Amino acid sequence: MLPRSIIPLLLLLAVSLLGPPRADALERRRPQFQNEPSYLIFPLPYSLPGIGQGIVLTGLLGNMFGSYADLYGLLVTGDATGTIAGLEDVHLVSERLIANLFYQGIDHAVVAQYETRGLDSDADQFILLEASAVVTLEGSLTAVFFDRRLELVAGTVTQHAEIPRIRDKDGDVIAEADPAFEQDLRRQYYGVRWDYTDDYADPRKGIRTSLFRSHTDNDGNAESAEYFVWDFNLSGFVPLGKQSTLALNYFRSDAQVTRQGNTDTAALLLEVGVLCPPGDAACIAARDDVVERLRNERKHGTATDLGGDVRLRAYPQSRFSGAHSVLYSAELRWNLTEEVTPFNYFIWKDVRTAVQLAFFAELGSVSESLDTLGADYRSDVGVGLRLVSASGFVYRADWASGDEGNEVTIIFNYPF
């Protein structure tokens with residue numbers, strides 16, 4: 001069943017999608033598939049709360065051999081180690097059917113888990129889950145229609161993770177699981193994107209929207225919950241002068257549990273597998289936090305969280321989670337120049353089509369219950385620098401500030 005708050009927006013989308021675009025539809029500024037070749041080889045330092053510091057060696061080959069396909073790989077070293085690779089925009093049918101593949105193999109990482117879900121969790125109250133093996137595989141297909149105004153998407157994700165020990169926020173081991181706590185996730189998703197803008201990659205005016213439904217079944221584990229997540233995204237782009245844009249975004253995510261998993265305390269303690277010595281308060285508290293978060297996920301499901309490089313950018317990845325989330329975002333994208341300039345810096349080759357300065361603000365809320373969603377919010381503000389390229393990439397660097405500190409993001413593509 002669809003969340004009632006989304007239904008009016010879907011009706012508007014359905015009316016808009018009746019039939020192909022008219023002859024007087026908003027025109028595109030340029031061809032929607034670019035095959036300008038590009039590459040990037042760059043060692044990038046990282047510093048992430050709850051994960052640590054290190055170097056990521058990034059390699060990117062865009063629009064390989066005159067095609068639309070992009071290949072990238074990341075070698076992660078430091079406190080977290082592993083490899084990440086992807087093959088994107090592989091046209092099985094030119095400009096009609098596109099395949100994407102993604103692989104992540106993390107050998108070692110330490111990830112922050114906050115004491116509670118929701119907005120009330122204390123930024124200083126968290127434990128560190130040490131992962132010895134995280135393997136993620138994802139594949140998707142996208143069918144494209146009407147000059148990329150309509151896209152139908154379907155994909156699947158599988159993930160295996162092992163957590164052998166728990167550390168306190170200072171990194172000291174406080175609990176060990178023997179054997180390691182294992183979690184297998186299997187998720188299928190499908191959805192629709194509608195883009196009524198003047199450009200798919202760098203919109204200056206128009207609107208775009210998407211609706212996705214994902215199903216999580218935890219790889220058939222009878223102890224875990226099964227639930228759906230609905231993600232709805234609506235963006236509007238208002239031109240300011242000849243070159244700049246005010247970008248507005250509304251995002252909503254809702255989990256819908258179809259089968260609760262096992263929430264019995266004794267069963268959860270056995271599943272987590274952490275044996276605490278009698279009287280070890282730190283170990284018992286950390287173990288109970290893991291059990292309680294697992295119980296909440298099985299009772300309520302988990303919607304798309306807030307925090308990270310896309311939503312509430314001043315907060316760590318997955319900082320705020322719950323069964324429901326909502327986010328309002330605004331960006332002033334001020335184009336400093338639109339001069340088309342090829343560049344080749346040995347480690348970086350592309351064609352610059354625009355340089356932007358962005359000022360943004362975000363307001364978000366999460367909750368286990370719809371009745372309390374929006375009762376309280378977290379917010380941030382920030383500034384970013386974007387380089388838009390002819391190869392189709394948007395190279396993005398953002399600095400954001402919130403009530404828990406500042407974060408810097410260096411990544412590809414717009415947040416919305």
# chains A, B, ... in the order shown; residues from 1 in each chain; ligands from 1
>>> closest_atom_pairs(of="range 36-141 of chain A", to="range 329-344 of chain A", cutoff="10 Å", atoms="only C-alpha atoms", output="CSV")
residue,atom,partner,partner_atom,distance
A:Ser38,CA,A:Asn344,CA,9.2
A:Tyr39,CA,A:Asn344,CA,9.3
A:Leu40,CA,A:Asn344,CA,9.8
>>> write_last_selection(atoms="N, CA and C atoms", output="CSV table (one decimal), in the first residue's frame")
chain,number,residue,atom,x,y,z
A,38,SER,N,36.9,10.8,-21.2
A,38,SER,CA,37.6,11.5,-20.1
A,38,SER,C,38.3,10.4,-19.2
A,39,TYR,N,39.2,10.9,-18.4
A,39,TYR,CA,39.8,9.9,-17.4
A,39,TYR,C,40.2,10.7,-16.2
A,40,LEU,N,40.4,10.0,-15.1
A,40,LEU,CA,40.8,10.6,-13.9
A,40,LEU,C,41.6,9.6,-13.1
>>> residues_around(residues="range 68-75 of chain A", least_positions_apart="4", cutoff="12 Å", atoms="only C-alpha atoms", output="PyMOL selection string")
chain A and resi 32-45+54-64+80-95+97-107+390-393+412
>>> closest_residue(among="A:Asp178, A:Glu292, A:Asp371, A:Glu115", to="Leu268 in chain A", atoms="only C-alpha atoms")
A:Glu292
>>> closest_residue(among="A:Arg96, A:Arg319, A:Arg378, A:Arg396", to="Val355 in chain A", atoms="only C-alpha atoms")
A:Arg396
>>> closest_residue(among="A:Asp264, A:Asp120, A:Asp199, A:Glu271", to="Glu182 in chain A", atoms="only C-alpha atoms")
A:Glu271
>>> closest_atom_pairs(of="range 344-401 of chain A", to="range 295-300 of chain A", cutoff="12 Å", atoms="only C-alpha atoms", output="JSON lines")
{"residue": "A:Ser367", "atom": "CA", "partner": "A:His300", "partner_atom": "CA", "distance": 10.1}
{"residue": "A:Glu368", "atom": "CA", "partner": "A:His300", "partner_atom": "CA", "distance": 6.7}
{"residue": "A:Ser369", "atom": "CA", "partner": "A:His300", "partner_atom": "CA", "distance": 8.6}
{"residue": "A:Leu370", "atom": "CA", "partner": "A:His300", "partner_atom": "CA", "distance": 11.1}
>>> write_last_selection(atoms="C-alpha atoms", output="compact mmCIF listing (two decimals), in the first residue's frame")
# COMPACT_ATOMS: atom_id res chain seq x y z
CA SER A 367 10.83 8.84 12.93
CA GLU A 368 9.58 5.35 13.73
CA SER A 369 5.99 6.61 13.47
CA LEU A 370 4.23 8.72 10.85
